[in-house]
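Reproduced below: target06.txt, with compact mmCIF, N, CA and C atoms.
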# COMPACT_ATOMS: atom_id res chain seq x y z
N MET A 1051 0.82 -1.19 0.00
CA MET A 1051 0.00 0.00 0.00
C MET A 1051 0.86 1.25 0.00
N GLU A 1052 2.04 1.19 0.61
CA GLU A 1052 2.91 2.36 0.65
C GLU A 1052 3.33 2.79 -0.75
N GLY A 1053 3.65 1.83 -1.62
CA GLY A 1053 4.05 2.15 -2.99
C GLY A 1053 2.94 2.85 -3.75
N THR A 1054 1.70 2.49 -3.49
CA THR A 1054 0.57 3.12 -4.15
C THR A 1054 0.47 4.58 -3.74
N ALA A 1055 0.67 4.89 -2.49
CA ALA A 1055 0.59 6.28 -2.03
C ALA A 1055 1.66 7.12 -2.71
N GLN A 1056 2.84 6.55 -2.89
CA GLN A 1056 3.90 7.28 -3.59
C GLN A 1056 3.50 7.53 -5.03
N SER A 1057 2.92 6.53 -5.69
CA SER A 1057 2.52 6.67 -7.08
C SER A 1057 1.45 7.73 -7.24
N GLU A 1058 0.49 7.76 -6.32
CA GLU A 1058 -0.58 8.76 -6.41
C GLU A 1058 -0.03 10.17 -6.30
N SER A 1059 0.98 10.37 -5.48
CA SER A 1059 1.53 11.71 -5.33
C SER A 1059 2.34 12.10 -6.57
N ALA A 1060 2.74 11.13 -7.40
CA ALA A 1060 3.50 11.40 -8.60
C ALA A 1060 2.61 11.75 -9.80
N VAL A 1061 1.29 11.78 -9.60
CA VAL A 1061 0.37 12.11 -10.68
C VAL A 1061 0.51 13.60 -11.00
N PRO A 1062 0.77 13.93 -12.27
CA PRO A 1062 0.92 15.35 -12.65
C PRO A 1062 -0.33 16.16 -12.30
N ALA A 1063 -0.12 17.44 -12.06
CA ALA A 1063 -1.22 18.34 -11.68
C ALA A 1063 -1.96 18.81 -12.92
N LYS A 1064 -2.82 17.95 -13.45
CA LYS A 1064 -3.69 18.34 -14.55
C LYS A 1064 -5.00 17.58 -14.43
N ASP A 1065 -6.00 17.96 -15.21
CA ASP A 1065 -7.34 17.40 -15.04
C ASP A 1065 -7.62 16.18 -15.91
N LEU A 1066 -7.06 16.12 -17.11
CA LEU A 1066 -7.36 15.03 -18.04
C LEU A 1066 -6.09 14.32 -18.48
N PHE A 1067 -6.19 12.98 -18.60
CA PHE A 1067 -5.06 12.14 -18.96
C PHE A 1067 -5.46 11.21 -20.08
N ARG A 1068 -4.59 11.00 -21.06
CA ARG A 1068 -4.85 10.03 -22.11
C ARG A 1068 -4.58 8.63 -21.58
N ILE A 1069 -5.10 7.63 -22.27
CA ILE A 1069 -5.00 6.25 -21.78
C ILE A 1069 -3.54 5.81 -21.62
N GLY A 1070 -2.65 6.26 -22.49
CA GLY A 1070 -1.24 5.90 -22.36
C GLY A 1070 -0.61 6.46 -21.09
N GLU A 1071 -1.00 7.68 -20.74
CA GLU A 1071 -0.49 8.28 -19.50
C GLU A 1071 -0.98 7.52 -18.28
N VAL A 1072 -2.26 7.17 -18.29
CA VAL A 1072 -2.84 6.42 -17.16
C VAL A 1072 -2.17 5.06 -17.07
N SER A 1073 -1.93 4.45 -18.20
CA SER A 1073 -1.27 3.15 -18.24
C SER A 1073 0.12 3.23 -17.59
N ARG A 1074 0.90 4.24 -17.96
CA ARG A 1074 2.24 4.39 -17.38
C ARG A 1074 2.19 4.73 -15.89
N LEU A 1075 1.28 5.64 -15.51
CA LEU A 1075 1.19 6.06 -14.11
C LEU A 1075 0.79 4.91 -13.18
N THR A 1076 -0.11 4.06 -13.67
CA THR A 1076 -0.66 3.01 -12.82
C THR A 1076 -0.05 1.64 -13.07
N ALA A 1077 0.87 1.56 -14.04
CA ALA A 1077 1.49 0.27 -14.41
C ALA A 1077 0.41 -0.75 -14.79
N THR A 1078 -0.57 -0.29 -15.55
CA THR A 1078 -1.67 -1.13 -16.02
C THR A 1078 -1.71 -1.05 -17.54
N LYS A 1079 -1.86 -2.18 -18.19
CA LYS A 1079 -1.91 -2.20 -19.65
C LYS A 1079 -3.17 -1.48 -20.15
N PRO A 1080 -3.07 -0.79 -21.31
CA PRO A 1080 -4.24 -0.09 -21.85
C PRO A 1080 -5.45 -1.00 -22.09
N PHE A 1081 -5.21 -2.26 -22.54
CA PHE A 1081 -6.34 -3.13 -22.78
C PHE A 1081 -7.06 -3.49 -21.48
N VAL A 1082 -6.33 -3.52 -20.38
CA VAL A 1082 -6.95 -3.78 -19.07
C VAL A 1082 -7.82 -2.59 -18.67
N LEU A 1083 -7.33 -1.39 -18.89
CA LEU A 1083 -8.13 -0.19 -18.58
C LEU A 1083 -9.41 -0.18 -19.40
N ARG A 1084 -9.32 -0.52 -20.69
CA ARG A 1084 -10.52 -0.55 -21.53
C ARG A 1084 -11.49 -1.62 -21.06
N TYR A 1085 -10.98 -2.78 -20.62
CA TYR A 1085 -11.84 -3.84 -20.10
C TYR A 1085 -12.53 -3.37 -18.81
N TRP A 1086 -11.78 -2.73 -17.93
CA TRP A 1086 -12.36 -2.25 -16.67
C TRP A 1086 -13.50 -1.28 -16.92
N GLU A 1087 -13.42 -0.51 -18.00
CA GLU A 1087 -14.52 0.41 -18.34
C GLU A 1087 -15.82 -0.34 -18.55
N THR A 1088 -15.74 -1.56 -19.10
CA THR A 1088 -16.95 -2.35 -19.33
C THR A 1088 -17.45 -3.01 -18.06
N GLU A 1089 -16.56 -3.28 -17.13
CA GLU A 1089 -16.94 -4.00 -15.91
C GLU A 1089 -17.31 -3.08 -14.74
N PHE A 1090 -16.75 -1.90 -14.71
CA PHE A 1090 -16.97 -0.98 -13.59
C PHE A 1090 -17.57 0.32 -14.12
N PRO A 1091 -18.88 0.51 -13.94
CA PRO A 1091 -19.54 1.70 -14.51
C PRO A 1091 -19.03 3.03 -13.95
N MET A 1092 -18.39 3.00 -12.78
CA MET A 1092 -17.89 4.26 -12.23
C MET A 1092 -16.62 4.74 -12.93
N LEU A 1093 -16.01 3.88 -13.73
CA LEU A 1093 -14.82 4.24 -14.50
C LEU A 1093 -15.25 4.54 -15.93
N GLN A 1094 -15.58 5.78 -16.20
CA GLN A 1094 -16.06 6.19 -17.52
C GLN A 1094 -15.30 7.42 -18.00
N PRO A 1095 -14.22 7.22 -18.74
CA PRO A 1095 -13.49 8.38 -19.26
C PRO A 1095 -14.34 9.12 -20.29
N VAL A 1096 -14.10 10.40 -20.43
CA VAL A 1096 -14.79 11.19 -21.45
C VAL A 1096 -14.05 10.97 -22.77
N LYS A 1097 -14.72 11.26 -23.87
CA LYS A 1097 -14.08 11.11 -25.19
C LYS A 1097 -13.79 12.50 -25.74
N SER A 1098 -12.62 12.64 -26.33
CA SER A 1098 -12.26 13.90 -26.98
C SER A 1098 -13.01 13.97 -28.31
N PRO A 1099 -13.03 15.12 -28.95
CA PRO A 1099 -13.68 15.22 -30.26
C PRO A 1099 -13.11 14.23 -31.29
N LYS A 1100 -11.86 13.85 -31.11
CA LYS A 1100 -11.24 12.88 -32.03
C LYS A 1100 -11.47 11.44 -31.58
N GLY A 1101 -12.16 11.24 -30.47
CA GLY A 1101 -12.47 9.89 -30.00
C GLY A 1101 -11.49 9.29 -29.02
N HIS A 1102 -10.50 10.06 -28.58
CA HIS A 1102 -9.53 9.56 -27.61
C HIS A 1102 -10.15 9.54 -26.21
N ARG A 1103 -9.80 8.52 -25.44
CA ARG A 1103 -10.25 8.45 -24.06
C ARG A 1103 -9.47 9.46 -23.23
N LEU A 1104 -10.19 10.23 -22.45
CA LEU A 1104 -9.56 11.19 -21.54
C LEU A 1104 -10.04 10.88 -20.13
N TYR A 1105 -9.14 10.38 -19.32
CA TYR A 1105 -9.46 10.02 -17.95
C TYR A 1105 -9.36 11.24 -17.06
N ARG A 1106 -10.35 11.43 -16.21
CA ARG A 1106 -10.32 12.51 -15.23
C ARG A 1106 -9.44 12.10 -14.07
N ARG A 1107 -9.03 13.06 -13.26
CA ARG A 1107 -8.20 12.77 -12.10
C ARG A 1107 -8.89 11.75 -11.18
N GLU A 1108 -10.21 11.85 -11.04
CA GLU A 1108 -10.97 10.90 -10.20
C GLU A 1108 -10.84 9.48 -10.75
N ASP A 1109 -10.85 9.35 -12.09
CA ASP A 1109 -10.70 8.04 -12.69
C ASP A 1109 -9.32 7.46 -12.39
N VAL A 1110 -8.30 8.29 -12.48
CA VAL A 1110 -6.93 7.83 -12.19
C VAL A 1110 -6.83 7.39 -10.73
N ASP A 1111 -7.39 8.17 -9.82
CA ASP A 1111 -7.38 7.80 -8.41
C ASP A 1111 -8.11 6.48 -8.18
N MET A 1112 -9.19 6.26 -8.92
CA MET A 1112 -9.96 5.02 -8.78
C MET A 1112 -9.14 3.81 -9.24
N VAL A 1113 -8.35 3.97 -10.28
CA VAL A 1113 -7.51 2.87 -10.76
C VAL A 1113 -6.47 2.50 -9.71
N PHE A 1114 -5.97 3.48 -8.97
CA PHE A 1114 -5.00 3.19 -7.91
C PHE A 1114 -5.62 2.36 -6.80
N VAL A 1115 -6.89 2.50 -6.56
CA VAL A 1115 -7.56 1.74 -5.49
C VAL A 1115 -7.73 0.35 -5.96
Rewritten as structure tokens:
Amino acid sequence: MEGTAQSESAVPAKDLFRIGEVSRLTATKPFVLRYWETEFPMLQPVKSPKGHRLYRREDVDMVFV
């Protein structure tokens, strides 16, 4: 649990993150994040006009839990 707290504090100070950034920050593969979106309704990134997933800070914090 201690390592997770360190990782959370390393999250850059911005509001939206692309799936690759979330993948690197959380050490989770992008396909796993996409699967979790189907299984956990509280994890719903917004889509950019070009269709890219944009995770909010709350979504990133939820992945750490």
*asked:* Quick one: residues within 12 Å of Arg1103 of chain A, only C-alpha atoms, excluding same-chain residues fewer than 5 positions away - as a list of chain:residue names?
replied: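 My reading of the contact set: A:Leu1066, A:Phe1067, A:Arg1068, A:Ile1069, A:Gly1070, A:Glu1071, A:Val1072, A:Ser1073, A:Pro1080, A:Leu1083, A:Arg1084, A:Glu1087, A:Leu1093, A:Gln1094, A:Pro1095, A:Val1096, A:Lys1097, A:Ser1098, A:Asp1109.
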*Calculate how many Å separate atom CA of Arg1074 of chain A from atom CA of Asp1111 of chain A, rounding to one decimal.*
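Interatomic distance here is 13.6 Å.
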_What's the separation between atom C of Val1113 of chain A and atom CA of Pro1099 of chain A, in Å to one decimal place?_
25.2 Å
*asked:* as JSON, numbers by chain, please: every residue in chain A that a backbone DSSP assignment puts in alpha helix (DSSP H).
replied: {"A": [1052, 1053, 1054, 1055, 1056, 1057, 1058, 1059, 1069, 1070, 1071, 1072, 1073, 1074, 1075, 1076, 1080, 1081, 1082, 1083, 1084, 1085, 1086, 1087, 1088, 1089, 1107, 1108, 1109, 1110, 1111, 1112, 1113, 1114]}
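You will find atom C of Pro1062 of chain A at 25.8 Å from atom N of Glu1089 of chain A.
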Repair of segment 1067-1088 of chain A at the level of N, CA, C and O atoms, as a PDB file, keeping the file's coordinate frame:
ATOM      1  N   PHE A1067      -6.190  12.980 -18.600  1.00  0.00           N
ATOM      2  CA  PHE A1067      -5.060  12.140 -18.960  1.00  0.00           C
ATOM      3  C   PHE A1067      -5.460  11.210 -20.080  1.00  0.00           C
ATOM      4  O   PHE A1067      -6.544  10.633 -20.041  1.00  0.00           O
ATOM      5  N   ARG A1068      -4.590  11.000 -21.060  1.00  0.00           N
ATOM      6  CA  ARG A1068      -4.850  10.030 -22.110  1.00  0.00           C
ATOM      7  C   ARG A1068      -4.580   8.630 -21.580  1.00  0.00           C
ATOM      8  O   ARG A1068      -3.898   8.458 -20.566  1.00  0.00           O
ATOM      9  N   ILE A1069      -5.100   7.630 -22.270  1.00  0.00           N
ATOM     10  CA  ILE A1069      -5.000   6.250 -21.780  1.00  0.00           C
ATOM     11  C   ILE A1069      -3.540   5.810 -21.620  1.00  0.00           C
ATOM     12  O   ILE A1069      -3.207   5.085 -20.686  1.00  0.00           O
ATOM     13  N   GLY A1070      -2.650   6.260 -22.490  1.00  0.00           N
ATOM     14  CA  GLY A1070      -1.240   5.900 -22.360  1.00  0.00           C
ATOM     15  C   GLY A1070      -0.610   6.460 -21.090  1.00  0.00           C
ATOM     16  O   GLY A1070       0.198   5.795 -20.439  1.00  0.00           O
ATOM     17  N   GLU A1071      -1.000   7.680 -20.740  1.00  0.00           N
ATOM     18  CA  GLU A1071      -0.490   8.280 -19.500  1.00  0.00           C
ATOM     19  C   GLU A1071      -0.980   7.520 -18.280  1.00  0.00           C
ATOM     20  O   GLU A1071      -0.215   7.235 -17.360  1.00  0.00           O
ATOM     21  N   VAL A1072      -2.260   7.170 -18.290  1.00  0.00           N
ATOM     22  CA  VAL A1072      -2.840   6.420 -17.160  1.00  0.00           C
ATOM     23  C   VAL A1072      -2.170   5.060 -17.070  1.00  0.00           C
ATOM     24  O   VAL A1072      -1.858   4.580 -15.976  1.00  0.00           O
ATOM     25  N   SER A1073      -1.930   4.450 -18.200  1.00  0.00           N
ATOM     26  CA  SER A1073      -1.270   3.150 -18.240  1.00  0.00           C
ATOM     27  C   SER A1073       0.120   3.230 -17.590  1.00  0.00           C
ATOM     28  O   SER A1073       0.479   2.387 -16.770  1.00  0.00           O
ATOM     29  N   ARG A1074       0.900   4.240 -17.960  1.00  0.00           N
ATOM     30  CA  ARG A1074       2.240   4.390 -17.380  1.00  0.00           C
ATOM     31  C   ARG A1074       2.190   4.730 -15.890  1.00  0.00           C
ATOM     32  O   ARG A1074       2.947   4.189 -15.098  1.00  0.00           O
ATOM     33  N   LEU A1075       1.280   5.640 -15.510  1.00  0.00           N
ATOM     34  CA  LEU A1075       1.190   6.060 -14.110  1.00  0.00           C
ATOM     35  C   LEU A1075       0.790   4.910 -13.180  1.00  0.00           C
ATOM     36  O   LEU A1075       1.261   4.821 -12.057  1.00  0.00           O
ATOM     37  N   THR A1076      -0.110   4.060 -13.670  1.00  0.00           N
ATOM     38  CA  THR A1076      -0.660   3.010 -12.820  1.00  0.00           C
ATOM     39  C   THR A1076      -0.050   1.640 -13.070  1.00  0.00           C
ATOM     40  O   THR A1076      -0.425   0.677 -12.413  1.00  0.00           O
ATOM     41  N   ALA A1077       0.870   1.560 -14.040  1.00  0.00           N
ATOM     42  CA  ALA A1077       1.490   0.270 -14.410  1.00  0.00           C
ATOM     43  C   ALA A1077       0.410  -0.750 -14.790  1.00  0.00           C
ATOM     44  O   ALA A1077       0.468  -1.915 -14.387  1.00  0.00           O
ATOM     45  N   THR A1078      -0.570  -0.290 -15.550  1.00  0.00           N
ATOM     46  CA  THR A1078      -1.670  -1.130 -16.020  1.00  0.00           C
ATOM     47  C   THR A1078      -1.710  -1.050 -17.540  1.00  0.00           C
ATOM     48  O   THR A1078      -1.596   0.028 -18.104  1.00  0.00           O
ATOM     49  N   LYS A1079      -1.860  -2.180 -18.190  1.00  0.00           N
ATOM     50  CA  LYS A1079      -1.910  -2.200 -19.650  1.00  0.00           C
ATOM     51  C   LYS A1079      -3.170  -1.480 -20.150  1.00  0.00           C
ATOM     52  O   LYS A1079      -4.221  -1.550 -19.511  1.00  0.00           O
ATOM     53  N   PRO A1080      -3.070  -0.790 -21.310  1.00  0.00           N
ATOM     54  CA  PRO A1080      -4.240  -0.090 -21.850  1.00  0.00           C
ATOM     55  C   PRO A1080      -5.450  -1.000 -22.090  1.00  0.00           C
ATOM     56  O   PRO A1080      -6.590  -0.608 -21.848  1.00  0.00           O
ATOM     57  N   PHE A1081      -5.210  -2.260 -22.540  1.00  0.00           N
ATOM     58  CA  PHE A1081      -6.340  -3.130 -22.780  1.00  0.00           C
ATOM     59  C   PHE A1081      -7.060  -3.490 -21.480  1.00  0.00           C
ATOM     60  O   PHE A1081      -8.270  -3.712 -21.468  1.00  0.00           O
ATOM     61  N   VAL A1082      -6.330  -3.520 -20.380  1.00  0.00           N
ATOM     62  CA  VAL A1082      -6.950  -3.780 -19.070  1.00  0.00           C
ATOM     63  C   VAL A1082      -7.820  -2.590 -18.670  1.00  0.00           C
ATOM     64  O   VAL A1082      -8.941  -2.773 -18.192  1.00  0.00           O
ATOM     65  N   LEU A1083      -7.330  -1.390 -18.890  1.00  0.00           N
ATOM     66  CA  LEU A1083      -8.130  -0.190 -18.580  1.00  0.00           C
ATOM     67  C   LEU A1083      -9.410  -0.180 -19.400  1.00  0.00           C
ATOM     68  O   LEU A1083     -10.497   0.109 -18.877  1.00  0.00           O
ATOM     69  N   ARG A1084      -9.320  -0.520 -20.690  1.00  0.00           N
ATOM     70  CA  ARG A1084     -10.520  -0.550 -21.530  1.00  0.00           C
ATOM     71  C   ARG A1084     -11.490  -1.620 -21.060  1.00  0.00           C
ATOM     72  O   ARG A1084     -12.707  -1.420 -21.060  1.00  0.00           O
ATOM     73  N   TYR A1085     -10.980  -2.780 -20.620  1.00  0.00           N
ATOM     74  CA  TYR A1085     -11.840  -3.840 -20.100  1.00  0.00           C
ATOM     75  C   TYR A1085     -12.530  -3.370 -18.810  1.00  0.00           C
ATOM     76  O   TYR A1085     -13.722  -3.597 -18.628  1.00  0.00           O
ATOM     77  N   TRP A1086     -11.780  -2.730 -17.930  1.00  0.00           N
ATOM     78  CA  TRP A1086     -12.360  -2.250 -16.670  1.00  0.00           C
ATOM     79  C   TRP A1086     -13.500  -1.280 -16.920  1.00  0.00           C
ATOM     80  O   TRP A1086     -14.444  -1.226 -16.146  1.00  0.00           O
ATOM     81  N   GLU A1087     -13.420  -0.510 -18.000  1.00  0.00           N
ATOM     82  CA  GLU A1087     -14.520   0.410 -18.340  1.00  0.00           C
ATOM     83  C   GLU A1087     -15.820  -0.340 -18.550  1.00  0.00           C
ATOM     84  O   GLU A1087     -16.889   0.169 -18.226  1.00  0.00           O
ATOM     85  N   THR A1088     -15.740  -1.560 -19.100  1.00  0.00           N
ATOM     86  CA  THR A1088     -16.950  -2.350 -19.330  1.00  0.00           C
ATOM     87  C   THR A1088     -17.450  -3.010 -18.060  1.00  0.00           C
ATOM     88  O   THR A1088     -18.643  -3.268 -17.938  1.00  0.00           O
TER      89      THR A1088
END
